[in-house]
>>> print(open('query31.csv').read())   # CSV, C-alpha atoms
chain,number,residue,atom,x,y,z
A,25,ASP,CA,28.1,34.4,6.4
A,26,ALA,CA,27.2,31.0,7.8
A,27,GLY,CA,25.6,28.5,5.5
A,28,VAL,CA,22.7,26.2,6.3
A,29,THR,CA,23.3,24.4,9.5
A,30,GLN,CA,21.7,21.2,10.7
A,31,SER,CA,21.7,19.4,14.1
A,32,PRO,CA,22.5,16.9,15.2
A,33,THR,CA,25.1,15.6,12.8
A,34,HIS,CA,24.5,11.9,13.7
A,35,LEU,CA,21.7,10.2,15.6
A,36,ILE,CA,20.9,6.7,16.6
A,37,LYS,CA,17.4,5.7,17.6
A,38,THR,CA,15.5,2.4,18.0
A,39,ARG,CA,12.3,1.4,16.2
A,40,GLY,CA,9.2,3.0,17.6
A,41,GLN,CA,11.0,6.1,18.9
A,42,GLN,CA,10.5,9.6,17.8
A,43,VAL,CA,13.1,12.0,16.4
A,44,THR,CA,13.4,15.8,15.8
A,45,LEU,CA,15.9,17.2,13.4
A,46,ARG,CA,16.7,20.9,13.2
A,47,CYS,CA,17.7,23.2,10.4
A,48,SER,CA,18.8,26.9,10.4
A,49,PRO,CA,18.6,28.5,7.0
A,50,ILE,CA,21.0,31.1,5.6
A,51,SER,CA,20.2,34.5,7.1
A,52,GLY,CA,17.5,36.1,5.1
A,53,HIS,CA,16.2,33.0,3.4
A,54,LYS,CA,12.5,32.4,4.1
A,55,SER,CA,12.1,29.0,2.4
A,56,VAL,CA,13.3,25.7,3.8
A,57,SER,CA,12.9,22.2,2.3
A,58,TRP,CA,13.6,18.8,3.7
A,59,TYR,CA,14.8,15.7,1.8
A,60,GLN,CA,15.5,12.1,2.7
A,61,GLN,CA,18.4,10.3,1.1
A,62,VAL,CA,18.7,6.6,1.5
A,63,LEU,CA,22.1,5.2,0.8
A,64,GLY,CA,22.8,4.8,-2.9
A,65,GLN,CA,19.7,6.7,-4.0
A,66,GLY,CA,18.8,10.3,-4.9
A,67,PRO,CA,17.3,12.6,-2.3
A,68,GLN,CA,13.5,12.3,-1.9
A,69,PHE,CA,11.5,15.5,-1.3
A,70,ILE,CA,9.6,15.5,2.0
A,71,PHE,CA,8.4,19.1,2.7
A,72,GLN,CA,8.8,22.7,1.6
A,73,TYR,CA,8.0,25.6,3.9
A,74,TYR,CA,7.9,29.3,3.0
A,75,GLU,CA,7.1,32.0,5.5
A,76,LYS,CA,6.0,29.4,8.0
A,77,GLU,CA,3.4,27.8,5.7
A,78,GLU,CA,3.7,24.4,4.0
A,79,ARG,CA,4.1,24.9,0.3
A,80,GLY,CA,4.8,21.4,-0.9
A,81,ARG,CA,4.7,17.8,0.4
A,82,GLY,CA,6.2,14.7,-1.0
A,83,ASN,CA,5.0,11.1,-0.8
A,84,PHE,CA,5.8,10.4,2.9
A,85,PRO,CA,3.4,9.0,5.5
A,86,ASP,CA,1.8,11.1,8.2
A,87,ARG,CA,4.6,10.0,10.7
A,88,PHE,CA,6.6,12.7,9.1
A,89,SER,CA,5.8,16.3,10.0
A,90,ALA,CA,7.5,19.6,10.0
A,91,ARG,CA,7.2,23.2,11.0
A,92,GLN,CA,8.9,26.5,10.4
A,93,PHE,CA,9.4,29.1,13.1
A,94,PRO,CA,9.2,32.9,12.9
A,95,ASN,CA,13.0,33.1,12.5
A,96,TYR,CA,12.6,30.7,9.5
A,97,SER,CA,14.4,27.8,11.2
A,98,SER,CA,12.7,24.5,10.8
A,99,GLU,CA,12.2,21.2,12.5
A,100,LEU,CA,11.4,17.8,11.0
A,101,ASN,CA,9.7,15.3,13.2
A,102,VAL,CA,9.4,11.6,12.6
A,103,ASN,CA,7.3,9.4,14.8
A,104,ALA,CA,7.2,5.7,15.3
A,105,LEU,CA,10.5,5.2,13.6
A,106,LEU,CA,11.0,2.2,11.2
A,107,LEU,CA,14.3,0.6,10.1
A,108,GLY,CA,13.6,2.1,6.7
A,109,ASP,CA,13.8,5.6,8.0
A,110,SER,CA,17.5,5.2,8.3
A,111,ALA,CA,18.9,7.8,6.0
A,112,LEU,CA,20.7,11.1,5.5
A,113,TYR,CA,18.2,13.9,6.1
A,114,LEU,CA,19.0,17.1,4.2
A,115,CYS,CA,17.7,20.6,4.7
A,116,ALA,CA,18.0,23.3,2.1
A,117,SER,CA,17.3,27.0,2.3
A,118,ARG,CA,16.3,29.1,-0.7
A,119,GLU,CA,15.9,32.6,-1.8
A,120,GLY,CA,14.9,32.8,-5.4
A,121,ASN,CA,15.7,29.8,-7.5
A,122,GLU,CA,18.9,28.5,-6.0
A,123,GLN,CA,18.9,26.0,-3.1
A,124,PHE,CA,21.7,25.8,-0.5
A,125,PHE,CA,22.0,22.5,1.3
A,126,GLY,CA,23.2,21.8,4.8
A,127,PRO,CA,25.6,18.9,5.6
A,128,GLY,CA,22.7,16.7,6.7
A,129,THR,CA,21.8,14.6,9.7
A,130,ARG,CA,22.5,10.9,9.4
A,131,LEU,CA,19.8,9.0,11.2
A,132,THR,CA,20.3,5.3,12.0
A,133,VAL,CA,17.3,3.3,13.3
A,134,LEU,CA,18.2,0.0,15.0
B,1,SER,CA,6.4,8.8,-10.8
B,2,GLN,CA,7.2,12.4,-11.3
B,3,GLN,CA,10.9,11.6,-11.0
B,4,GLY,CA,12.8,11.3,-14.2
B,5,GLU,CA,15.7,9.2,-15.1
B,6,GLU,CA,19.4,10.0,-15.2
B,7,ASP,CA,21.9,8.2,-17.3
B,8,PRO,CA,24.3,6.7,-17.1
B,9,GLN,CA,24.0,5.5,-13.5
B,10,ALA,CA,27.8,5.2,-13.4
B,11,LEU,CA,30.5,6.7,-15.6
B,12,SER,CA,34.3,6.1,-15.3
B,13,ILE,CA,36.7,8.2,-17.4
B,14,GLN,CA,40.3,9.2,-17.4
B,15,GLU,CA,41.5,12.7,-16.3
B,16,GLY,CA,41.3,15.2,-19.1
B,17,GLU,CA,38.4,13.5,-20.8
B,18,ASN,CA,34.9,15.0,-21.0
B,19,ALA,CA,32.0,13.6,-19.0
B,20,THR,CA,28.4,13.8,-20.2
B,21,MET,CA,25.4,12.9,-18.1
B,22,ASN,CA,21.8,13.2,-18.9
B,23,CYS,CA,18.6,13.8,-17.1
B,24,SER,CA,15.0,13.3,-18.3
B,25,TYR,CA,11.8,14.4,-16.6
B,26,LYS,CA,8.1,13.8,-17.1
B,27,THR,CA,6.2,16.9,-16.2
B,28,SER,CA,6.7,20.6,-17.1
B,29,ILE,CA,9.3,22.4,-15.1
B,30,ASN,CA,10.0,25.9,-14.0
B,31,ASN,CA,13.7,25.4,-13.9
B,32,LEU,CA,16.3,22.6,-13.7
B,33,GLN,CA,19.4,22.6,-11.6
B,34,TRP,CA,22.5,20.3,-11.3
B,35,TYR,CA,24.1,19.4,-8.0
B,36,ARG,CA,27.2,17.5,-7.0
B,37,GLN,CA,27.5,15.3,-3.9
B,38,ASN,CA,30.8,14.0,-2.5
B,39,SER,CA,30.6,10.8,-0.5
B,40,GLY,CA,27.1,11.2,1.0
B,41,ARG,CA,27.7,14.7,2.2
B,42,GLY,CA,25.5,17.8,1.5
B,43,LEU,CA,24.8,18.7,-2.1
B,44,VAL,CA,26.6,21.6,-3.8
B,45,HIS,CA,24.8,23.7,-6.4
B,46,LEU,CA,26.5,23.7,-9.8
B,47,ILE,CA,24.3,25.4,-12.3
B,48,LEU,CA,20.7,26.5,-12.9
B,49,ILE,CA,18.9,26.6,-16.3
B,50,ARG,CA,15.5,28.1,-16.6
B,51,SER,CA,12.8,26.6,-18.7
B,52,ASN,CA,13.1,29.4,-21.4
B,53,GLU,CA,16.9,28.8,-21.7
B,54,ARG,CA,18.6,26.3,-24.0
B,55,GLU,CA,22.2,26.4,-22.9
B,56,LYS,CA,24.3,27.8,-20.0
B,57,HIS,CA,28.0,27.7,-19.2
B,58,SER,CA,29.9,28.0,-16.0
B,59,GLY,CA,33.6,27.4,-16.1
B,60,ARG,CA,34.2,23.8,-17.3
B,61,LEU,CA,30.4,23.0,-17.1
B,62,ARG,CA,27.9,23.2,-19.9
B,63,VAL,CA,24.3,22.5,-19.4
B,64,THR,CA,21.7,22.1,-22.1
B,65,LEU,CA,17.9,21.9,-21.8
B,66,ASP,CA,15.5,20.5,-24.4
B,67,THR,CA,12.0,21.1,-23.2
B,68,SER,CA,10.5,19.4,-26.2
B,69,LYS,CA,12.3,16.2,-25.2
B,70,LYS,CA,12.0,16.9,-21.5
B,71,SER,CA,15.7,16.3,-21.1
B,72,SER,CA,18.9,18.1,-19.9
B,73,SER,CA,22.6,17.3,-20.2
B,74,LEU,CA,25.5,18.2,-18.1
B,75,LEU,CA,29.0,18.3,-19.8
B,76,ILE,CA,32.1,18.5,-17.7
B,77,THR,CA,35.1,19.3,-19.9
B,78,ALA,CA,38.7,18.4,-19.1
B,79,SER,CA,37.8,16.4,-16.1
B,80,ARG,CA,39.9,16.2,-13.0
B,81,ALA,CA,40.2,13.5,-10.3
B,82,ALA,CA,38.5,16.1,-7.9
B,83,ASP,CA,35.4,15.9,-10.1
B,84,THR,CA,34.7,12.4,-8.8
B,85,ALA,CA,31.3,12.6,-7.2
B,86,SER,CA,27.6,11.9,-7.7
B,87,TYR,CA,25.8,14.3,-9.9
B,88,PHE,CA,22.1,14.9,-9.6
B,89,CYS,CA,19.6,16.9,-11.5
B,90,TRP,CA,16.8,18.7,-9.6
B,91,ARG,CA,13.6,20.0,-11.1
B,92,GLU,CA,10.9,22.1,-9.7
B,93,THR,CA,7.5,21.4,-11.2
B,94,SER,CA,4.2,23.2,-10.8
B,95,GLY,CA,2.7,22.6,-7.4
B,96,SER,CA,6.1,23.0,-5.7
B,97,ARG,CA,7.1,19.4,-6.1
B,98,LEU,CA,10.9,19.3,-5.9
B,99,THR,CA,12.4,16.2,-7.3
B,100,PHE,CA,15.9,14.8,-7.7
B,101,GLY,CA,16.9,12.0,-10.1
B,102,GLU,CA,18.8,8.9,-8.9
B,103,GLY,CA,22.1,10.5,-10.0
B,104,THR,CA,25.2,9.6,-12.0
B,105,GLN,CA,28.2,8.4,-10.1
B,106,LEU,CA,31.2,9.8,-11.9
B,107,THR,CA,34.7,8.4,-11.3
B,108,VAL,CA,37.7,10.3,-12.8
B,109,ASN,CA,40.8,8.2,-12.8
B,110,PRO,CA,44.1,10.0,-12.5
>>> encode(input="query31.csv", output="structure tokens")
Amino acid sequence: DAGVTQSPTHLIKTRGQQVTLRCSPISGHKSVSWYQQVLGQGPQFIFQYYEKEERGRGNFPDRFSARQFPNYSSELNVNALLLGDSALYLCASREGNEQFFGPGTRLTVL
Amino acid sequence: SQQGEEDPQALSIQEGENATMNCSYKTSINNLQWYRQNSGRGLVHLILIRSNEREKHSGRLRVTLDTSKKSSSLLITASRAADTASYFCWRETSGSRLTFGEGTQLTVNP
């Protein structure tokens, strides 16, 4: 059974642009969470979705938004990119208490 | 901040020695989990402990939880070079806030 998948693997954008990151959860998992991990730091919680509804939100500006689709896949959108948005973006799917993480998307903003 | 602290930030030991890392938190939790991350890749789930549990074992791992002190410890026994990684604790608080600590960078020298 496939694990959590994320696309793209790497992405380079310039300041002011917009980016969309994608995540497919493990089959049957209805909950997806997004995290941002800046180099050398722990992951920071961005959003949690369950059954297509937002269940939790971290301390991120409104430039960050997400949604979950009927097949439970999810997209994270970031508008008006800043240099500080450069990070590894991790997606996790969950059924019950345990989270399973994808390999992440490394975003570089120039 | 609802994030807690992890200590030490870095730990260097010899193969065969035990490694202990600690995690503290500030608000009540539903459960606490430990994860490992190798070289900025996705996180791997190690062990989960519920708020009503005090100790759990999994292979060479032992986790304790002291809810009165709002702290948890992860012990890795008989460490191996392959245990070299960053270790994070993750806690789920009420209101679906999902937080990681800053992590402990463990280096096991052969």
>>> interface_residues(input="query31.csv", of="chain A", to="chain B", cutoff="9 Å", atoms="all atoms listed in the file", output="ChimeraX atom specification")
/A:57,61,63-72,79-82,112,114-115,121-128
>>> atom_distance(input="query31.csv", atom1="atom CA of Val102 of chain A", atom2="atom CA of Lys54 of chain A")
22.7 Å
>>> atom_distance(input="query31.csv", atom1="atom CA of Arg130 of chain A", atom2="atom CA of Ala26 of chain A")
20.7 Å
>>> residues_around(input="query31.csv", residues="segment 52-57 of chain B", least_positions_apart="6", cutoff="12 Å", atoms="only C-alpha atoms", output="ChimeraX atom specification")
/B:28-34,46,63-77
>>> write_last_selection(input="query31.csv", atoms="C-alpha atoms", output="short mmCIF file (atom, residue, chain, number, x, y, z; two decimals), in the frame of the given file")
data_model
loop_
_atom_site.label_atom_id
_atom_site.label_comp_id
_atom_site.auth_asym_id
_atom_site.auth_seq_id
_atom_site.Cartn_x
_atom_site.Cartn_y
_atom_site.Cartn_z
CA SER B 28 6.70 20.60 -17.10
CA ILE B 29 9.30 22.40 -15.10
CA ASN B 30 10.00 25.90 -14.00
CA ASN B 31 13.70 25.40 -13.90
CA LEU B 32 16.30 22.60 -13.70
CA GLN B 33 19.40 22.60 -11.60
CA TRP B 34 22.50 20.30 -11.30
CA LEU B 46 26.50 23.70 -9.80
CA VAL B 63 24.30 22.50 -19.40
CA THR B 64 21.70 22.10 -22.10
CA LEU B 65 17.90 21.90 -21.80
CA ASP B 66 15.50 20.50 -24.40
CA THR B 67 12.00 21.10 -23.20
CA SER B 68 10.50 19.40 -26.20
CA LYS B 69 12.30 16.20 -25.20
CA LYS B 70 12.00 16.90 -21.50
CA SER B 71 15.70 16.30 -21.10
CA SER B 72 18.90 18.10 -19.90
CA SER B 73 22.60 17.30 -20.20
CA LEU B 74 25.50 18.20 -18.10
CA LEU B 75 29.00 18.30 -19.80
CA ILE B 76 32.10 18.50 -17.70
CA THR B 77 35.10 19.30 -19.90
#
>>> atom_distance(input="query31.csv", atom1="atom CA of Asn101 of chain A", atom2="atom CA of Glu77 of chain A")
15.9 Å
>>> closest_atom_pairs(input="query31.csv", of="segment 36-55 of chain A", to="segment 86-99 of chain A", cutoff="8 Å", atoms="only C-alpha atoms", output="CSV")
residue,atom,partner,partner_atom,distance
A:Thr44,CA,A:Glu99,CA,6.4
A:Leu45,CA,A:Glu99,CA,5.5
A:Arg46,CA,A:Glu99,CA,4.6
A:Cys47,CA,A:Ser98,CA,5.2
A:Ser48,CA,A:Ser97,CA,4.6
A:Pro49,CA,A:Ser97,CA,6.0
A:His53,CA,A:Tyr96,CA,7.4
A:Lys54,CA,A:Tyr96,CA,5.7
A:Ser55,CA,A:Tyr96,CA,7.3
>>> write_last_selection(input="query31.csv", atoms="C-alpha atoms", output="short mmCIF file (atom, residue, chain, number, x, y, z; two decimals), in the frame of the given file")
data_model
loop_
_atom_site.label_atom_id
_atom_site.label_comp_id
_atom_site.auth_asym_id
_atom_site.auth_seq_id
_atom_site.Cartn_x
_atom_site.Cartn_y
_atom_site.Cartn_z
CA THR A 44 13.40 15.80 15.80
CA LEU A 45 15.90 17.20 13.40
CA ARG A 46 16.70 20.90 13.20
CA CYS A 47 17.70 23.20 10.40
CA SER A 48 18.80 26.90 10.40
CA PRO A 49 18.60 28.50 7.00
CA HIS A 53 16.20 33.00 3.40
CA LYS A 54 12.50 32.40 4.10
CA SER A 55 12.10 29.00 2.40
#
>>> closest_residue(input="query31.csv", among="B:Gly59, B:Leu11, B:Ser51, B:Thr93", to="Thr27 of chain B", atoms="all atoms listed in the file")
B:Thr93
>>> closest_residue(input="query31.csv", among="A:Gly40, A:Thr129, A:Ile50, A:Glu78", to="Gly108 of chain A", atoms="all atoms listed in the file")
A:Gly40
>>> build_atoms(input="query31.csv", residues="segment 104-134 of chain A", atoms="N, CA and C atoms", output="mmCIF file, in the coordinates of the input")
data_model
loop_
_atom_site.group_PDB
_atom_site.id
_atom_site.type_symbol
_atom_site.label_atom_id
_atom_site.label_comp_id
_atom_site.auth_asym_id
_atom_site.auth_seq_id
_atom_site.Cartn_x
_atom_site.Cartn_y
_atom_site.Cartn_z
ATOM 1 N N ALA A 104 7.241 7.111 15.476
ATOM 2 C CA ALA A 104 7.200 5.700 15.300
ATOM 3 C C ALA A 104 8.194 5.193 14.247
ATOM 4 N N LEU A 105 9.462 5.451 14.536
ATOM 5 C CA LEU A 105 10.500 5.200 13.600
ATOM 6 C C LEU A 105 10.559 3.719 13.143
ATOM 7 N N LEU A 106 10.846 3.553 11.849
ATOM 8 C CA LEU A 106 11.000 2.200 11.200
ATOM 9 C C LEU A 106 12.471 2.097 10.797
ATOM 10 N N LEU A 107 12.891 0.847 10.605
ATOM 11 C CA LEU A 107 14.300 0.600 10.100
ATOM 12 C C LEU A 107 14.508 1.378 8.824
ATOM 13 N N GLY A 108 13.490 1.425 7.979
ATOM 14 C CA GLY A 108 13.600 2.100 6.700
ATOM 15 C C GLY A 108 13.741 3.571 6.725
ATOM 16 N N ASP A 109 13.577 4.153 7.903
ATOM 17 C CA ASP A 109 13.800 5.600 8.000
ATOM 18 C C ASP A 109 15.249 5.961 8.176
ATOM 19 N N SER A 110 16.099 4.961 8.279
ATOM 20 C CA SER A 110 17.500 5.200 8.300
ATOM 21 C C SER A 110 17.977 5.882 7.038
ATOM 22 N N ALA A 111 18.567 7.055 7.149
ATOM 23 C CA ALA A 111 18.900 7.800 6.000
ATOM 24 C C ALA A 111 19.656 9.077 6.350
ATOM 25 N N LEU A 112 20.114 9.783 5.322
ATOM 26 C CA LEU A 112 20.700 11.100 5.500
ATOM 27 C C LEU A 112 19.525 12.111 5.255
ATOM 28 N N TYR A 113 19.253 12.968 6.213
ATOM 29 C CA TYR A 113 18.200 13.900 6.100
ATOM 30 C C TYR A 113 18.807 15.305 5.781
ATOM 31 N N LEU A 114 18.446 15.831 4.650
ATOM 32 C CA LEU A 114 19.000 17.100 4.200
ATOM 33 C C LEU A 114 18.032 18.209 4.244
ATOM 34 N N CYS A 115 18.525 19.344 4.635
ATOM 35 C CA CYS A 115 17.700 20.600 4.700
ATOM 36 C C CYS A 115 18.342 21.536 3.676
ATOM 37 N N ALA A 116 17.486 22.272 3.002
ATOM 38 C CA ALA A 116 18.000 23.300 2.100
ATOM 39 C C ALA A 116 17.216 24.576 2.281
ATOM 40 N N SER A 117 17.933 25.679 2.233
ATOM 41 C CA SER A 117 17.300 27.000 2.300
ATOM 42 C C SER A 117 17.357 27.624 0.914
ATOM 43 N N ARG A 118 16.478 28.539 0.699
ATOM 44 C CA ARG A 118 16.300 29.100 -0.700
ATOM 45 C C ARG A 118 15.823 30.475 -0.638
ATOM 46 N N GLU A 119 16.400 31.286 -1.508
ATOM 47 C CA GLU A 119 15.900 32.600 -1.800
ATOM 48 C C GLU A 119 15.975 32.785 -3.283
ATOM 49 N N GLY A 120 14.864 32.843 -3.952
ATOM 50 C CA GLY A 120 14.900 32.800 -5.400
ATOM 51 C C GLY A 120 14.949 31.367 -5.874
ATOM 52 N N ASN A 121 15.701 31.097 -6.901
ATOM 53 C CA ASN A 121 15.700 29.800 -7.500
ATOM 54 C C ASN A 121 16.746 28.810 -6.949
ATOM 55 N N GLU A 122 17.808 29.320 -6.383
ATOM 56 C CA GLU A 122 18.900 28.500 -6.000
ATOM 57 C C GLU A 122 18.744 27.930 -4.595
ATOM 58 N N GLN A 123 19.002 26.638 -4.423
ATOM 59 C CA GLN A 123 18.900 26.000 -3.100
ATOM 60 C C GLN A 123 20.353 25.858 -2.543
ATOM 61 N N PHE A 124 20.452 26.005 -1.246
ATOM 62 C CA PHE A 124 21.700 25.800 -0.500
ATOM 63 C C PHE A 124 21.472 24.723 0.503
ATOM 64 N N PHE A 125 22.258 23.659 0.437
ATOM 65 C CA PHE A 125 22.000 22.500 1.300
ATOM 66 C C PHE A 125 22.933 22.546 2.531
ATOM 67 N N GLY A 126 22.397 22.043 3.618
ATOM 68 C CA GLY A 126 23.200 21.800 4.800
ATOM 69 C C GLY A 126 23.923 20.476 4.676
ATOM 70 N N PRO A 127 24.763 20.154 5.666
ATOM 71 C CA PRO A 127 25.600 18.900 5.600
ATOM 72 C C PRO A 127 24.744 17.665 5.883
ATOM 73 N N GLY A 128 23.528 17.834 6.413
ATOM 74 C CA GLY A 128 22.700 16.700 6.700
ATOM 75 C C GLY A 128 22.790 16.132 8.066
ATOM 76 N N THR A 129 21.762 15.406 8.447
ATOM 77 C CA THR A 129 21.800 14.600 9.700
ATOM 78 C C THR A 129 21.633 13.162 9.300
ATOM 79 N N ARG A 130 22.596 12.367 9.748
ATOM 80 C CA ARG A 130 22.500 10.900 9.400
ATOM 81 C C ARG A 130 21.806 10.229 10.578
ATOM 82 N N LEU A 131 20.644 9.682 10.248
ATOM 83 C CA LEU A 131 19.800 9.000 11.200
ATOM 84 C C LEU A 131 19.962 7.475 11.008
ATOM 85 N N THR A 132 20.274 6.778 12.070
ATOM 86 C CA THR A 132 20.300 5.300 12.000
ATOM 87 C C THR A 132 19.262 4.789 12.995
ATOM 88 N N VAL A 133 18.400 3.925 12.478
ATOM 89 C CA VAL A 133 17.300 3.300 13.300
ATOM 90 C C VAL A 133 17.680 1.844 13.481
ATOM 91 N N LEU A 134 17.818 1.432 14.741
ATOM 92 C CA LEU A 134 18.200 0.000 15.000
ATOM 93 C C LEU A 134 16.984 -0.772 15.472
#
